[in-house]
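The next block is run-v8.cif, given as mmCIF, C-alpha atoms and all ligand atoms.
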data_model
#
loop_
_atom_site.label_atom_id
_atom_site.label_comp_id
_atom_site.auth_asym_id
_atom_site.auth_seq_id
_atom_site.Cartn_x
_atom_site.Cartn_y
_atom_site.Cartn_z
CA MET A 83 16.37 4.51 13.95
CA SER A 84 15.79 1.40 16.03
CA MET A 85 13.66 -1.72 15.78
CA ASP A 86 12.46 -4.02 18.53
CA GLY A 87 11.43 -7.31 16.95
CA LEU A 88 8.85 -6.39 14.33
CA SER A 89 8.32 -2.84 15.62
CA VAL A 90 10.12 0.39 14.82
CA THR A 91 10.56 2.18 18.15
CA ASP A 92 12.35 5.29 16.97
CA CYS A 93 12.88 6.88 13.53
CA GLU A 94 13.48 10.41 12.25
CA ARG A 95 14.28 9.68 8.61
CA CYS A 96 11.35 11.73 7.18
CA SER A 97 11.23 15.25 8.56
CA ALA A 98 7.70 16.01 7.24
CA LEU A 99 6.30 12.80 8.75
CA CYS A 100 8.01 13.43 12.09
CA GLU A 101 6.02 16.68 12.20
CA SER A 102 2.68 15.19 11.12
CA ARG A 103 2.68 11.99 13.18
CA SER A 104 1.71 11.59 16.82
CA ARG A 105 3.38 8.19 16.92
CA ILE A 106 4.91 5.44 14.80
CA VAL A 107 2.17 2.98 13.80
CA ASN A 108 3.61 -0.53 13.62
CA GLY A 109 2.02 -3.68 12.23
CA VAL A 110 -0.32 -5.77 14.37
CA GLY A 111 -1.07 -9.48 14.41
CA PRO A 112 0.75 -12.73 15.05
CA ALA A 113 4.54 -12.73 14.67
CA ASP A 114 4.18 -16.01 12.72
CA ALA A 115 1.25 -14.90 10.54
CA ASP A 116 0.97 -16.74 7.22
CA LEU A 117 -1.09 -13.98 5.64
CA VAL A 118 0.00 -10.32 5.72
CA PHE A 119 -1.99 -7.29 4.54
CA VAL A 120 0.05 -4.24 3.56
CA GLY A 121 -1.59 -0.81 3.28
CA GLU A 122 -0.21 2.57 2.33
CA ALA A 123 0.26 4.65 5.48
CA PRO A 124 -1.67 5.43 8.69
CA GLY A 125 -4.54 7.92 8.55
CA ALA A 126 -5.91 10.07 11.36
CA ASN A 127 -7.60 7.21 13.24
CA GLU A 128 -4.55 4.97 13.00
CA ASP A 129 -2.29 7.81 14.14
CA ALA A 130 -4.56 8.41 17.15
CA GLU A 131 -4.88 4.75 18.13
CA GLY A 132 -1.46 3.46 17.11
CA GLU A 133 -2.85 0.57 15.04
CA PRO A 134 -3.20 0.11 11.25
CA PHE A 135 -6.67 0.04 9.67
CA VAL A 136 -8.85 1.00 12.63
CA GLY A 137 -10.98 3.61 10.80
CA ARG A 138 -13.64 3.07 8.13
CA SER A 139 -11.17 1.24 5.87
CA GLY A 140 -10.46 -1.07 8.78
CA ASP A 141 -14.17 -1.81 9.19
CA VAL A 142 -14.33 -2.80 5.51
CA LEU A 143 -11.23 -4.98 5.87
CA ASP A 144 -12.55 -6.66 9.02
CA ALA A 145 -15.89 -7.40 7.33
CA ALA A 146 -14.18 -8.95 4.28
CA LEU A 147 -11.97 -11.06 6.56
CA ARG A 148 -15.05 -12.29 8.45
CA LYS A 149 -16.77 -13.15 5.17
CA ALA A 150 -13.69 -15.18 4.21
CA GLY A 151 -13.85 -17.05 7.53
CA LEU A 152 -11.00 -15.14 9.19
CA ALA A 153 -10.69 -12.92 12.24
CA ARG A 154 -8.51 -9.81 12.28
CA ALA A 155 -6.35 -11.52 14.92
CA ASP A 156 -5.54 -14.36 12.48
CA VAL A 157 -3.57 -12.13 10.11
CA ARG A 158 -0.84 -9.50 10.23
CA ILE A 159 -1.78 -5.97 9.14
CA THR A 160 0.90 -3.40 8.40
CA ASN A 161 1.71 -0.44 6.14
CA CYS A 162 4.43 0.58 3.67
CA VAL A 163 4.95 3.79 5.66
CA ARG A 164 4.55 3.84 9.46
CA CYS A 165 3.89 7.54 10.06
CA ARG A 166 0.83 9.56 9.07
CA PRO A 167 1.50 11.87 6.11
CA PRO A 168 0.26 15.47 6.49
CA ASP A 169 -3.36 16.03 5.34
CA ASN A 170 -3.59 12.32 4.48
CA ARG A 171 -1.58 12.87 1.29
CA ASP A 172 0.02 9.88 -0.42
CA PRO A 173 3.48 9.08 0.92
CA HIS A 174 6.31 10.47 -1.24
CA VAL A 175 8.68 8.07 -2.98
CA ALA A 176 11.50 9.11 -0.62
CA GLU A 177 9.27 8.29 2.38
CA LEU A 178 8.36 4.89 0.92
CA ASP A 179 12.05 4.23 0.34
CA ASN A 180 12.99 5.35 3.87
CA CYS A 181 10.46 2.92 5.38
CA ARG A 182 11.13 0.03 2.97
CA GLU A 183 13.81 -1.50 5.18
CA PHE A 184 11.32 -1.87 8.04
CA LEU A 185 8.77 -3.64 5.84
CA ALA A 186 11.51 -5.90 4.46
CA THR A 187 12.62 -6.79 7.99
CA GLU A 188 9.02 -7.45 9.08
CA LEU A 189 8.42 -9.73 6.06
CA GLN A 190 11.72 -11.52 6.52
CA ARG A 191 10.87 -12.34 10.14
CA LEU A 192 7.26 -13.33 9.40
CA ASP A 193 8.11 -15.32 6.27
CA PRO A 194 4.40 -15.44 5.28
CA SER A 195 3.04 -17.60 2.48
CA LEU A 196 1.18 -14.62 0.99
CA VAL A 197 1.28 -10.80 1.15
CA VAL A 198 -1.84 -8.86 0.09
CA THR A 199 -1.16 -5.34 -1.17
CA LEU A 200 -4.10 -3.06 -0.40
CA GLY A 201 -4.36 -0.49 -3.18
CA LYS A 202 -2.17 1.17 -5.77
CA VAL A 203 0.62 2.55 -3.56
CA PRO A 204 1.60 -0.71 -1.81
CA SER A 205 1.03 -2.79 -4.98
CA GLU A 206 3.34 -0.58 -7.06
CA HIS A 207 5.84 -0.29 -4.20
CA LEU A 208 6.19 -4.06 -3.80
CA LEU A 209 5.99 -4.98 -7.49
CA GLY A 210 8.27 -2.13 -8.60
CA ARG A 211 6.10 -1.08 -11.54
CA SER A 212 2.88 0.76 -12.26
CA LEU A 213 -0.33 -1.21 -12.66
CA SER A 214 -4.12 -0.91 -12.51
CA VAL A 215 -5.13 -2.51 -9.21
CA THR A 216 -8.73 -2.87 -10.39
CA GLU A 217 -7.54 -4.98 -13.32
CA ALA A 218 -4.92 -6.90 -11.34
CA ALA A 219 -7.06 -7.51 -8.22
CA GLY A 220 -6.88 -11.17 -7.21
CA GLU A 221 -3.76 -11.90 -9.30
CA THR A 222 -0.57 -13.14 -7.68
CA PHE A 223 3.01 -12.15 -8.49
CA ASP A 224 6.49 -12.95 -7.25
CA ALA A 225 7.98 -9.86 -5.64
CA ARG A 226 11.06 -8.80 -3.74
CA VAL A 227 11.25 -6.21 -0.96
CA ASP A 228 14.97 -5.48 -0.86
CA GLU A 229 16.43 -8.97 -0.52
CA VAL A 230 13.21 -10.55 0.80
CA ALA A 231 11.28 -12.63 -1.73
CA CYS A 232 7.51 -12.89 -1.28
CA ARG A 233 4.35 -13.90 -3.13
CA VAL A 234 2.01 -10.93 -3.55
CA LEU A 235 -1.73 -10.91 -4.21
CA VAL A 236 -2.89 -7.52 -5.47
CA SER A 237 -6.09 -5.99 -4.10
CA VAL A 238 -7.95 -2.71 -4.38
CA HIS A 239 -7.80 -0.60 -1.21
CA PRO A 240 -10.74 -1.15 1.18
CA ALA A 241 -11.47 2.60 1.04
CA ALA A 242 -12.19 2.23 -2.70
CA THR A 243 -15.37 0.34 -1.75
CA LEU A 244 -16.59 3.40 0.18
CA TYR A 245 -16.36 5.63 -2.91
CA ASP A 246 -17.44 3.03 -5.46
CA ARG A 247 -19.75 0.24 -4.30
CA SER A 248 -18.90 -1.82 -7.37
CA GLN A 249 -15.42 -2.30 -5.89
CA GLN A 250 -16.82 -4.15 -2.87
CA GLU A 251 -17.14 -7.49 -4.63
CA THR A 252 -13.67 -7.10 -6.16
CA PHE A 253 -12.24 -6.45 -2.71
CA GLU A 254 -14.11 -9.28 -0.99
CA ARG A 255 -13.10 -11.75 -3.72
CA ALA A 256 -9.44 -10.78 -3.39
CA VAL A 257 -9.52 -11.27 0.40
CA ALA A 258 -11.33 -14.62 0.02
CA ARG A 259 -8.80 -15.78 -2.56
CA ALA A 260 -5.94 -14.71 -0.30
CA ALA A 261 -7.44 -16.75 2.58
CA ASP A 262 -7.69 -19.77 0.29
CA LEU A 263 -4.17 -19.47 -1.06
CA ALA A 264 -2.78 -19.10 2.46
CA GLY A 265 -4.71 -22.22 3.51
CA LEU A 266 -6.82 -20.25 5.99
CA GLY A 267 -10.49 -19.38 6.22
CA ASP A 268 -13.52 -21.59 5.97
CA GLY A 269 -12.73 -22.87 2.48
CA ASN A 270 -16.19 -21.92 1.23
CA SER A 271 -16.27 -18.24 0.50
CA GLY A 272 -13.13 -18.22 -1.56
CA GLN A 273 -12.79 -21.72 -2.92
CA SER A 274 -15.86 -21.51 -5.07
CA ARG A 275 -14.61 -18.17 -6.40
CA LEU A 276 -11.13 -19.16 -7.46
CA GLY A 277 -12.11 -19.46 -11.09
CA GLU A 278 -13.65 -16.03 -11.19
CA PHE A 279 -10.34 -14.17 -11.44
N1 LIG A 301 -5.25 3.23 4.89
C1 LIG A 301 -4.04 2.61 4.82
O1 LIG A 301 -3.50 2.41 3.74
N2 LIG A 301 -3.49 2.20 5.97
C2 LIG A 301 -4.08 2.35 7.16
O2 LIG A 301 -3.52 1.93 8.17
C3 LIG A 301 -5.33 3.00 7.21
C4 LIG A 301 -5.90 3.43 6.04
#

Let's see the structure in the file written out as structure tokens.
Ligand code: URA
Amino acid sequence: MSMDGLSVTDCERCSALCESRSRIVNGVGPADADLVFVGEAPGANEDAEGEPFVGRSGDVLDAALRKAGLARADVRITNCVRCRPPDNRDPHVAELDNCREFLATELQRLDPSLVVTLGKVPSEHLLGRSLSVTEAAGETFDARVDEVACRVLVSVHPAATLYDRSQQETFERAVARAADLAGLGDGNSGQSRLGEF
């Protein structure tokens, strides 16, 4: 295993993921980003392009960022697990644990004011307990990734909006609130919505 700055350059901790991945997909975005989005693991598009959230989920995330007055390049986007699981299955607990050190190192170096967990897997991984992301969406919690303390805002996964249109507003509100809490964005889309959560 080796890391170069914020990027893992070499890792063979998970044998199944070494077989299913074409590459390690590291986080993208500024190395001093104040707002960090954490997903679950790369899918097929991310594995092919080497960047998190570049498929349909990425389109949904980009659109919500724009609505909140942010560009994708303003924020950091990363995943709990950096290699594509076979058949897009959820990452196993052992795989999440193997990759946890890399996320902790990335968060320690970024020292963001807010981390947004996109969906159930990253929310439960960072908060260390089970929860309903639909109910908790937009709420903030103090969390710890290994020794690294961070403030977490829970969100539904952007893909949830593709299966259930009613989740779109929940997702967009969470992103807008995150932009507000991080002191970013245009101050309109989210500010007026703060009381809605
Ligand atoms: N879903 C995720 O959780 N992460 C990605 O990078 C893409 C889709």

Edge lengths and centre in Å, axis-aligned, ligand LIG 301 (chain A) plus 3 Å each side, as lines of an AutoDock Vina configuration file:
center_x = -4.7
center_y = 2.7
center_z = 6.0
size_x = 8.4
size_y = 7.5
size_z = 10.4

Open item on the list: Show me which residues are within 6 Å of ligand LIG 301 (chain A) counting only C-alpha atoms and all ligand atoms, and format the list as a PyMOL selection string.
Closed with: chain A and resi 121-125+128+134-135+139+161

Open item on the list: Let me make sure I understand: among A:Cys162, A:Val197, A:Leu147, A:Leu192, which one has the smallest atom-to-atom distance to Ala258 (chain A) if we use all atoms listed in the file?
Closed with: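 Among the listed residues, A:Leu147 lies closest to Ala258 (chain A).
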
TODO: Could you tell me which of A:Leu200, A:Ala150, A:Val175, A:Ala130 comes closest to Leu263 (chain A) if we count only C-alpha atoms?
DONE: A:Ala150

Open item on the list: Considering all atoms listed in the file, can you say which of A:Ala260, A:Val227, A:Cys100, A:Val110 comes closest to Pro168 (chain A)?
Closed with: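 Closest to Pro168 (chain A), using all atoms listed in the file: A:Cys100.
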
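In this model, the gap between CA of Glu206 (chain A) and CA of Asp193 (chain A) comes to 20.4 Å.
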
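With CA of Ile159 (chain A) on one side and CA of Glu251 (chain A) on the other, the separation reads 20.7 Å.
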